[in-house]
file input-v6.txt (compact mmCIF, C-alpha atoms and all ligand atoms)
# COMPACT_ATOMS: atom_id res chain seq x y z
CA MET K 1 -7.17 -11.49 25.19
CA ARG K 2 -10.27 -12.43 23.23
CA ASP K 3 -11.97 -9.45 24.86
CA GLN K 4 -9.28 -7.14 23.66
CA ALA K 5 -9.34 -8.55 20.17
CA GLU K 6 -13.08 -8.01 20.12
CA LYS K 7 -12.73 -4.41 21.32
CA LEU K 8 -10.12 -3.66 18.72
CA ARG K 9 -12.28 -5.15 15.99
CA GLU K 10 -15.12 -2.87 17.09
CA MET K 11 -12.83 0.14 17.05
CA ILE K 12 -11.67 -0.76 13.59
CA LYS K 13 -15.27 -0.91 12.47
CA LEU K 14 -16.00 2.50 14.00
CA ARG K 15 -13.10 4.07 12.21
CA LYS K 16 -14.44 3.73 8.72
CA ASN K 17 -13.30 7.21 8.01
CA TYR K 18 -13.75 7.45 4.27
CA PRO K 19 -15.36 10.66 3.16
CA GLY K 20 -17.50 8.83 0.61
CA ASP K 21 -19.12 11.28 -1.78
CA GLY K 22 -21.73 8.82 -2.99
CA LYS K 23 -20.30 8.79 -6.49
CA GLU K 24 -20.30 5.49 -8.26
CA LYS K 25 -18.05 4.21 -10.98
CA ASN K 26 -20.53 5.22 -13.66
CA ASP K 27 -20.62 8.84 -12.54
CA VAL K 28 -17.15 9.47 -13.91
CA PRO K 29 -17.42 10.98 -17.38
CA GLU K 30 -16.00 8.61 -19.94
CA ASN K 31 -14.37 11.32 -21.99
CA SER K 32 -12.56 12.99 -19.08
CA PRO K 33 -9.21 14.33 -20.28
CA SER K 34 -7.12 12.22 -17.92
CA PRO K 35 -7.87 8.52 -18.06
CA VAL K 36 -9.79 7.35 -15.02
CA ILE K 37 -8.18 4.71 -12.87
CA ASP K 38 -11.01 2.46 -11.95
CA SER K 39 -9.26 0.74 -9.03
CA ARG K 40 -8.53 1.56 -5.45
CA VAL K 41 -4.98 2.85 -5.47
CA ILE K 42 -3.40 2.27 -2.08
CA ALA K 43 0.13 3.27 -1.08
CA VAL K 44 1.80 1.27 1.68
CA THR K 45 4.46 3.27 3.46
CA SER K 46 6.29 3.78 6.75
CA GLY K 47 8.60 6.17 8.51
CA LYS K 48 11.17 3.65 9.62
CA GLY K 49 12.49 1.01 7.26
CA GLY K 50 12.19 -2.73 7.81
CA VAL K 51 8.78 -2.60 9.51
CA GLY K 52 7.25 -5.12 7.10
CA LYS K 53 5.84 -3.07 4.19
CA THR K 54 6.92 -5.39 1.40
CA ASN K 55 5.82 -8.57 3.16
CA PHE K 56 2.54 -6.98 4.14
CA THR K 57 1.84 -5.67 0.64
CA ILE K 58 2.48 -8.98 -1.09
CA ASN K 59 0.57 -11.05 1.42
CA LEU K 60 -2.31 -8.57 1.51
CA GLY K 61 -2.45 -8.84 -2.27
CA ILE K 62 -2.57 -12.62 -2.10
CA THR K 63 -5.25 -12.51 0.61
CA LEU K 64 -7.38 -10.07 -1.40
CA ALA K 65 -6.97 -12.32 -4.44
CA LYS K 66 -8.16 -15.29 -2.38
CA ALA K 67 -11.25 -13.23 -1.64
CA GLY K 68 -11.87 -12.90 -5.36
CA LYS K 69 -10.35 -9.45 -5.92
CA LYS K 70 -8.10 -8.55 -8.80
CA VAL K 71 -4.80 -7.20 -7.51
CA VAL K 72 -1.82 -5.48 -9.09
CA ILE K 73 1.21 -4.67 -6.96
CA LEU K 74 3.53 -1.90 -8.03
CA ASP K 75 7.01 -1.95 -6.55
CA ALA K 76 7.78 1.72 -6.13
CA ASP K 77 10.68 1.30 -3.73
CA LEU K 78 13.08 2.91 -6.14
CA GLY K 79 16.22 2.28 -4.16
CA LEU K 80 15.73 -1.23 -2.86
CA ALA K 81 13.00 -2.84 -4.92
CA ASN K 82 12.65 -6.31 -3.43
CA ILE K 83 9.20 -7.68 -4.02
CA ASP K 84 10.72 -10.20 -6.40
CA VAL K 85 13.11 -11.39 -3.73
CA ILE K 86 10.23 -12.14 -1.39
CA LEU K 87 8.31 -13.84 -4.17
CA GLY K 88 11.39 -15.77 -5.27
CA SER K 89 10.89 -14.66 -8.86
CA ILE K 90 13.09 -13.01 -11.46
CA PRO K 91 11.32 -10.18 -13.24
CA LYS K 92 11.51 -10.04 -17.00
CA TYR K 93 10.27 -6.49 -17.25
CA THR K 94 10.02 -3.57 -14.87
CA LEU K 95 8.33 -0.23 -14.39
CA VAL K 96 10.90 1.20 -16.78
CA ASP K 97 9.46 -0.97 -19.56
CA LEU K 98 6.03 0.41 -18.75
CA MET K 99 7.52 3.88 -19.19
CA GLU K 100 9.77 3.39 -22.14
CA THR K 101 8.36 0.67 -24.38
CA ASP K 102 5.12 -0.24 -26.05
CA LEU K 103 5.16 -3.73 -24.63
CA PRO K 104 1.62 -4.86 -23.94
CA ILE K 105 0.68 -4.20 -20.36
CA GLU K 106 0.14 -7.91 -19.63
CA LYS K 107 3.79 -8.51 -20.49
CA VAL K 108 5.10 -5.86 -18.14
CA MET K 109 3.21 -7.43 -15.25
CA SER K 110 4.44 -10.76 -13.96
CA GLU K 111 2.09 -13.27 -12.49
CA GLY K 112 2.44 -14.04 -8.76
CA PRO K 113 0.80 -16.43 -6.33
CA GLY K 114 -2.98 -16.59 -6.34
CA GLY K 115 -3.16 -14.68 -9.62
CA ILE K 116 -1.80 -11.39 -8.30
CA ARG K 117 0.14 -9.36 -10.84
CA VAL K 118 3.34 -7.52 -10.10
CA ILE K 119 5.02 -4.59 -11.79
CA SER K 120 8.59 -4.79 -10.63
CA GLY K 121 10.54 -1.78 -9.51
CA ALA K 122 13.69 -0.49 -11.08
CA SER K 123 16.24 2.11 -10.24
CA GLY K 124 15.91 3.65 -13.72
CA VAL K 125 12.66 5.15 -12.55
CA GLU K 126 14.55 8.29 -11.57
CA GLY K 127 14.22 9.02 -15.31
CA LEU K 128 10.67 10.08 -14.48
CA ILE K 129 12.01 13.46 -13.51
CA ASP K 130 13.21 14.26 -17.00
CA MET K 131 10.11 13.04 -18.77
CA SER K 132 8.46 15.16 -21.40
CA GLU K 133 4.78 16.10 -21.03
CA GLU K 134 3.98 13.81 -23.91
CA ASN K 135 5.62 10.83 -22.27
CA ILE K 136 3.96 11.58 -18.95
CA GLY K 137 0.60 11.53 -20.70
CA ARG K 138 1.50 8.25 -22.31
CA LEU K 139 2.58 6.75 -19.02
CA ASN K 140 -0.70 7.83 -17.49
CA ARG K 141 -2.65 6.11 -20.19
CA ARG K 142 -0.53 3.00 -19.75
CA PHE K 143 -1.15 3.09 -16.03
CA SER K 144 -4.87 3.47 -16.50
CA GLU K 145 -4.73 0.28 -18.59
CA VAL K 146 -3.34 -1.47 -15.52
CA SER K 147 -6.57 -0.68 -13.73
CA ARG K 148 -8.38 -3.06 -16.07
CA TYR K 149 -6.57 -5.82 -14.24
CA ALA K 150 -7.11 -4.46 -10.76
CA ASP K 151 -9.75 -3.88 -8.15
CA PHE K 152 -6.80 -2.91 -5.98
CA ILE K 153 -3.48 -1.39 -7.03
CA LEU K 154 -1.14 -1.75 -4.07
CA ILE K 155 2.00 0.36 -4.12
CA ASP K 156 4.94 -0.71 -2.02
CA THR K 157 6.94 2.46 -1.38
CA GLY K 158 10.26 3.04 0.30
CA ALA K 159 10.45 4.22 3.91
CA GLY K 160 10.81 7.80 5.07
CA ILE K 161 9.80 11.18 3.79
CA SER K 162 11.94 11.56 0.70
CA LYS K 163 10.41 13.35 -2.23
CA SER K 164 10.06 10.20 -4.30
CA VAL K 165 8.26 8.30 -1.53
CA LEU K 166 5.93 11.21 -0.81
CA SER K 167 5.17 11.57 -4.50
CA PHE K 168 3.76 8.06 -4.72
CA VAL K 169 2.03 8.38 -1.36
CA LEU K 170 0.31 11.65 -2.24
CA ALA K 171 -0.68 10.44 -5.70
CA ALA K 172 -2.43 7.38 -4.23
CA GLN K 173 -6.04 7.60 -3.17
CA GLU K 174 -5.53 5.88 0.16
CA VAL K 175 -2.48 5.61 2.38
CA LEU K 176 -1.58 2.79 4.73
CA VAL K 177 1.15 3.66 7.19
CA ILE K 178 2.85 0.73 8.89
CA SER K 179 4.32 1.07 12.35
CA THR K 180 5.61 -1.49 14.80
CA PRO K 181 5.39 -0.95 18.57
CA GLU K 182 9.02 0.23 18.64
CA PRO K 183 9.14 3.85 19.84
CA THR K 184 11.34 4.92 16.92
CA SER K 185 8.94 3.32 14.47
CA ILE K 186 6.03 5.21 16.06
CA THR K 187 7.77 8.59 15.96
CA ASP K 188 8.86 7.99 12.36
CA ALA K 189 5.31 6.99 11.40
CA TYR K 190 4.15 10.26 12.91
CA ALA K 191 6.70 12.15 10.81
CA VAL K 192 5.30 10.57 7.63
CA ILE K 193 1.72 11.32 8.60
CA LYS K 194 2.71 14.89 9.34
CA ALA K 195 4.46 15.25 5.97
CA VAL K 196 1.37 13.90 4.19
CA GLY K 197 -0.98 16.05 6.29
CA ASN K 198 1.03 19.17 5.49
CA GLN K 199 0.27 18.59 1.82
CA GLU K 200 -3.22 17.15 2.09
CA ARG K 201 -5.00 17.53 5.38
CA ASP K 202 -7.92 15.28 4.51
CA LYS K 203 -5.99 12.40 2.95
CA SER K 204 -7.34 9.01 3.96
CA ILE K 205 -4.62 7.64 6.24
CA GLN K 206 -4.92 4.34 8.02
CA LEU K 207 -2.54 2.52 10.26
CA LEU K 208 -1.44 -1.06 10.18
CA ILE K 209 0.40 -2.05 13.31
CA ASN K 210 2.85 -4.83 12.60
CA LYS K 211 4.84 -7.22 14.78
CA VAL K 212 2.62 -6.84 17.83
CA ARG K 213 2.51 -9.23 20.79
CA ASP K 214 -1.25 -9.05 21.09
CA PRO K 215 -4.23 -6.85 20.15
CA LYS K 216 -3.75 -4.80 23.32
CA GLU K 217 -0.33 -3.69 22.16
CA ALA K 218 -1.72 -2.81 18.71
CA ASN K 219 -4.39 -0.73 20.40
CA GLU K 220 -1.85 1.15 22.51
CA VAL K 221 0.23 2.05 19.46
CA TYR K 222 -2.87 3.16 17.60
CA GLN K 223 -4.07 5.30 20.50
CA LYS K 224 -0.71 7.07 20.72
CA LEU K 225 -0.69 7.94 17.05
CA TYR K 226 -4.36 8.79 16.92
CA ARG K 227 -4.01 11.22 19.83
CA VAL K 228 -1.00 13.11 18.51
CA GLY K 229 -2.53 13.14 15.02
CA LYS K 230 -5.69 14.67 16.40
CA GLN K 231 -4.02 17.13 18.75
CA PHE K 232 -1.19 18.44 16.58
CA LEU K 233 -2.24 17.73 13.01
CA HIS K 234 -6.05 17.87 13.39
CA MET K 235 -6.25 14.64 11.46
CA ASP K 236 -8.38 11.56 12.10
CA ILE K 237 -6.03 8.69 11.57
CA GLY K 238 -7.87 5.44 10.92
CA LEU K 239 -6.98 1.94 12.01
CA LEU K 240 -6.97 -0.84 9.46
CA GLY K 241 -5.72 -3.56 11.77
CA TYR K 242 -2.67 -5.36 13.05
CA LEU K 243 -0.45 -8.36 12.41
CA ARG K 244 1.09 -10.29 15.23
CA GLU K 245 4.83 -10.91 15.34
CA ASP K 246 5.09 -14.40 13.95
CA PRO K 247 8.16 -16.57 13.31
CA GLN K 248 6.35 -18.11 10.33
CA VAL K 249 6.69 -14.74 8.55
CA VAL K 250 10.46 -14.93 8.93
CA LYS K 251 10.51 -18.56 7.76
CA ALA K 252 8.48 -17.61 4.70
CA VAL K 253 10.96 -14.83 3.88
CA TYR K 254 13.83 -17.32 4.03
CA SER K 255 12.08 -19.77 1.75
CA GLN K 256 11.02 -16.95 -0.61
CA ASN K 257 7.43 -18.09 -0.48
CA PRO K 258 4.89 -15.63 0.99
CA PHE K 259 3.40 -16.61 4.36
CA ALA K 260 -0.17 -16.31 3.07
CA VAL K 261 0.69 -19.16 0.69
CA GLN K 262 3.05 -21.23 2.79
CA PHE K 263 1.45 -20.83 6.21
CA PRO K 264 -2.21 -19.91 5.69
CA GLY K 265 -3.02 -21.04 9.24
CA SER K 266 -0.33 -18.88 10.90
CA HIS K 267 -1.18 -16.04 13.28
CA ALA K 268 -0.01 -13.47 10.75
CA ALA K 269 -2.12 -14.99 7.95
CA LYS K 270 -5.20 -15.10 10.20
CA ASP K 271 -4.71 -11.47 11.22
CA LEU K 272 -4.27 -10.56 7.59
CA ASN K 273 -7.60 -12.17 6.70
CA LEU K 274 -9.28 -9.68 9.04
CA VAL K 275 -7.26 -6.80 7.62
CA ALA K 276 -8.21 -7.73 4.04
CA GLN K 277 -11.86 -8.10 4.98
CA ASN K 278 -11.79 -4.74 6.67
CA LEU K 279 -10.20 -3.12 3.65
CA ILE K 280 -12.79 -4.62 1.32
CA GLU K 281 -15.64 -3.44 3.54
CA LYS K 282 -14.44 0.15 3.75
CA GLU K 283 -16.42 2.52 1.66
CA VAL K 284 -14.69 3.34 -1.57
CA TYR K 285 -14.81 6.83 -2.84
CA LYS K 286 -14.27 7.08 -6.53
CA THR K 287 -13.95 10.58 -7.81
CA LYS K 288 -12.19 12.38 -10.60
CA GLU K 289 -9.34 12.59 -8.11
CA ASN K 290 -8.42 9.12 -9.19
CA THR K 291 -7.01 10.17 -12.53
CA GLY K 292 -3.60 11.01 -13.85
CA PHE K 293 -1.73 8.97 -11.28
CA PHE K 294 1.70 9.41 -12.85
CA GLN K 295 1.00 13.03 -13.64
CA LYS K 296 0.64 13.54 -9.92
CA VAL K 297 3.67 11.43 -9.08
CA ILE K 298 5.85 13.26 -11.54
CA GLY K 299 4.41 16.65 -10.70
CA MET K 300 5.54 16.16 -7.13
CA PHE K 301 8.79 14.50 -8.07
CA LYS K 302 9.96 17.55 -9.96
N1 LIG K 401 4.49 -9.91 11.36
C1 LIG K 401 5.80 -10.21 11.36
N2 LIG K 401 6.31 -11.08 12.27
C2 LIG K 401 7.63 -11.37 12.29
N3 LIG K 401 8.53 -10.83 11.46
C3 LIG K 401 8.09 -9.96 10.56
C4 LIG K 401 6.71 -9.60 10.44
N4 LIG K 401 6.59 -8.70 9.43
C5 LIG K 401 7.84 -8.51 8.95
N5 LIG K 401 8.74 -9.27 9.62
C6 LIG K 401 10.21 -9.31 9.42
O1 LIG K 401 10.66 -8.03 9.06
C7 LIG K 401 11.54 -8.12 7.95
C8 LIG K 401 11.42 -6.88 7.11
O2 LIG K 401 10.20 -6.93 6.39
P1 LIG K 401 10.00 -6.16 5.00
O3 LIG K 401 11.14 -6.41 4.10
O4 LIG K 401 8.65 -6.50 4.53
O5 LIG K 401 10.06 -4.67 5.55
P2 LIG K 401 10.03 -3.31 4.71
O6 LIG K 401 9.29 -2.34 5.55
O7 LIG K 401 9.52 -3.57 3.34
O8 LIG K 401 11.57 -2.95 4.67
P3 LIG K 401 12.26 -1.80 3.77
O9 LIG K 401 11.96 -0.49 4.48
O10 LIG K 401 13.71 -2.16 3.82
O11 LIG K 401 11.64 -1.86 2.40
C9 LIG K 401 11.13 -9.40 7.24
O12 LIG K 401 12.22 -9.95 6.55
C10 LIG K 401 10.66 -10.28 8.34
O13 LIG K 401 11.77 -10.99 8.85
MG MG K 402 10.40 -3.16 1.45
call {"tool": "encode", "arguments": {"input": "input-v6.txt", "output": "structure tokens", "more": "lines below"}}
Ligand SMILES: Nc1ncnc2c1ncn2[C@@H]1O[C@H](COP(=O)(O)OP(=O)(O)OP(=O)(O)O)[C@@H](O)[C@H]1O
Ligand SMILES: [Mg+2]
result
Amino acid sequence: MRDQAEKLREMIKLRKNYPGDGKEKNDVPENSPSPVIDSRVIAVTSGKGGVGKTNFTINLGITLAKAGKKVVILDADLGLANIDVILGSIPKYTLVDLMETDLPIEKVMSEGPGGIRVISGASGVEGLIDMSEENIGRLNRRFSEVSRYADFILIDTGAGISKSVLSFVLAAQEVLVISTPEPTSITDAYAVIKAVGNQERDKSIQLLINKVRDPKEANEVYQKLYRVGKQFLHMDIGLLGYLREDPQVVKAVYSQNPFAVQFPGSHAAKDLNLVAQNLIEKEVYKTKENTGFFQKVIGMFK
């Protein structure tokens, strides 16, 4: 088993598939028309629901924060926003307040474990569709302010290939697709990757395999998706890592206290440490692409 874990770690290292363009933060012109988001914006998504996106996103955020990174989590699951349920907190403000008020950005974000910040989701976000150009511009500027608080902006999206989910996924710089070893989860993950690839062939897509028995199983799932991605979509799907199925995760959900806080020695938390490290080590490509996040979201929403 150790052998397999080692092999998988090596594979993960080999798959650093970021098309870095060598541009650094300072290369972005300061007076560019759309405000630059100076953070890595990562959408976490899946084909099938219930595969662990929300738990993964929160606990990844906490783990990155433990490693000294600034993290903001945006709950973009418009139908069933439930980050607050997992954190056991009651949000005062939501994404709608970011859109519709002039509340200072620090107020709209609530503070979570380890210093992570959370912008809670809200069903009123459908109002995005009817937004005027002026308000979209304003929202973009507000969102770019968020990046002052974030090395990483993690976006927890809903499952599936609805327009609203795809809008957030395509607007993000990097996409993490979560699949479990369940055959339906794998085929649904493929459907998401295909939908993203149809719009943007060279999007950075990486897989996180959740609820695995062991690294071998994670590897098998990855191989399946990598092969079909290569053969039918001509895409190089990357592998970020895996989390083992772990009863401590379920316990943490029941006690509304994230497993990275409550059970830092659990299998899932240990696996997540590797995942976070891997994410930090991946080359970051910062380009003018990383501007006008909400403009992109809304543009695709419409
Ligand atoms: N690594 C794991 N080991 C064991 N159970 C897990 C693991 N990850 C997630 N779970 C279980 O899966 C359930 C669903 O997780 P979560 O709510 O994060 O999924 P989701 O993908 O966000 O769902 P939705 O699509 O409804 O938003 C959790 O309540 C937990 O019980
Ligand atoms: Mg969820």
call {"tool": "residues_around", "arguments": {"input": "input-v6.txt", "residues": "K:Ser147", "least_positions_apart": "6", "cutoff": "10 Å", "atoms": "only C-alpha atoms", "output": "PDB file with C-alpha atoms, keeping the file's coordinate frame"}}
result
ATOM      1  CA  VAL K  36      -9.790   7.350 -15.020  1.00  0.00           C
ATOM      2  CA  ILE K  37      -8.180   4.710 -12.870  1.00  0.00           C
ATOM      3  CA  ASP K  38     -11.010   2.460 -11.950  1.00  0.00           C
ATOM      4  CA  SER K  39      -9.260   0.740  -9.030  1.00  0.00           C
ATOM      5  CA  ARG K  40      -8.530   1.560  -5.450  1.00  0.00           C
ATOM      6  CA  VAL K  41      -4.980   2.850  -5.470  1.00  0.00           C
ATOM      7  CA  LYS K  70      -8.100  -8.550  -8.800  1.00  0.00           C
ATOM      8  CA  VAL K  71      -4.800  -7.200  -7.510  1.00  0.00           C
ATOM      9  CA  VAL K  72      -1.820  -5.480  -9.090  1.00  0.00           C
ATOM     10  CA  ILE K 153      -3.480  -1.390  -7.030  1.00  0.00           C
TER      11      ILE K 153
END
call {"tool": "residues_near_ligand", "arguments": {"input": "input-v6.txt", "ligand": "ligand MG 402 (chain K)", "cutoff": "8 Å", "atoms": "all atoms listed in the file", "output": "compact mmCIF listing (two decimals) with C-alpha atoms, in the frame of the given file"}}
result
# COMPACT_ATOMS: atom_id res chain seq x y z
CA GLY K 49 12.49 1.01 7.26
CA GLY K 50 12.19 -2.73 7.81
CA GLY K 52 7.25 -5.12 7.10
CA LYS K 53 5.84 -3.07 4.19
CA THR K 54 6.92 -5.39 1.40
CA ASN K 55 5.82 -8.57 3.16
CA ASP K 77 10.68 1.30 -3.73
CA LEU K 80 15.73 -1.23 -2.86
CA ALA K 81 13.00 -2.84 -4.92
CA ASN K 82 12.65 -6.31 -3.43
CA ILE K 83 9.20 -7.68 -4.02
CA ASP K 156 4.94 -0.71 -2.02
CA THR K 157 6.94 2.46 -1.38
CA GLY K 158 10.26 3.04 0.30
CA ALA K 159 10.45 4.22 3.91
call {"tool": "residues_around", "arguments": {"input": "input-v6.txt", "residues": "K:Lys211", "least_positions_apart": "4", "cutoff": "6 Å", "atoms": "all atoms listed in the file", "output": "PyMOL selection string"}}
result
chain K and resi 180+243-245
call {"tool": "closest_residue", "arguments": {"input": "input-v6.txt", "among": "K:Val169, K:Val253, K:Ala67, K:Leu103", "to": "ligand LIG 401 (chain K)", "atoms": "all atoms listed in the file"}}
result
K:Val253
call {"tool": "residues_near_point", "arguments": {"input": "input-v6.txt", "point": "(-1.8, 6.1, 1.9)", "cutoff": "9 Å", "atoms": "all atoms listed in the file", "output": "ChimeraX atom specification"}}
result
/K:41-45,168-177,196,203-206
call {"tool": "closest_residue", "arguments": {"input": "input-v6.txt", "among": "K:Lys230, K:Lys66, K:Lys251, K:Lys194", "to": "ligand LIG 401 (chain K)", "atoms": "all atoms listed in the file"}}
result
K:Lys251
call {"tool": "closest_residue", "arguments": {"input": "input-v6.txt", "among": "K:Leu166, K:Leu225, K:Leu208, K:Val146", "to": "ligand LIG 401 (chain K)", "atoms": "all atoms listed in the file"}}
result
K:Leu208
call {"tool": "closest_residue", "arguments": {"input": "input-v6.txt", "among": "K:Asn210, K:Asp236, K:Ser110, K:Thr94", "to": "K:Ile193", "atoms": "all atoms listed in the file"}}
result
K:Asp236
call {"tool": "closest_residue", "arguments": {"input": "input-v6.txt", "among": "K:Gly47, K:Gln199, K:Asn278, K:Leu233", "to": "K:Ser162", "atoms": "only C-alpha atoms"}}
result
K:Gly47
call {"tool": "residues_near_point", "arguments": {"input": "input-v6.txt", "point": "(10.9, 8.8, 11.4)", "cutoff": "6 Å", "atoms": "only C-alpha atoms", "output": "ChimeraX atom specification"}}
result
/K:47-48,187-189,191
call {"tool": "closest_residue", "arguments": {"input": "input-v6.txt", "among": "K:His267, K:Lys92, K:Arg201, K:Lys282", "to": "ligand LIG 401 (chain K)", "atoms": "all atoms listed in the file"}}
result
K:His267
call {"tool": "residues_around", "arguments": {"input": "input-v6.txt", "residues": "K:Gly114", "least_positions_apart": "4", "cutoff": "12 Å", "atoms": "only C-alpha atoms", "output": "number ranges by chain"}}
result
K: 58-72, 87, 118, 258, 260-262
call {"tool": "axis_aligned_box", "arguments": {"input": "input-v6.txt", "around": "ligand LIG 401 (chain K)", "padding_each_side": "8 Å", "output": "lines of an AutoDock Vina configuration file"}}
result
center_x = 9.1
center_y = -5.9
center_z = 7.3
size_x = 25.2
size_y = 26.9
size_z = 25.9
call {"tool": "atom_distance", "arguments": {"input": "input-v6.txt", "atom1": "atom CA of K:Glu145", "atom2": "atom CA of K:Phe56"}}
result
24.9 Å
call {"tool": "atom_distance", "arguments": {"input": "input-v6.txt", "atom1": "atom CA of K:Ile86", "atom2": "atom O3 of ligand LIG 401 (chain K)"}}
result
8.0 Å
call {"tool": "atom_distance", "arguments": {"input": "input-v6.txt", "atom1": "atom N5 of ligand LIG 401 (chain K)", "atom2": "atom CA of K:Ile280"}}
result
23.5 Å
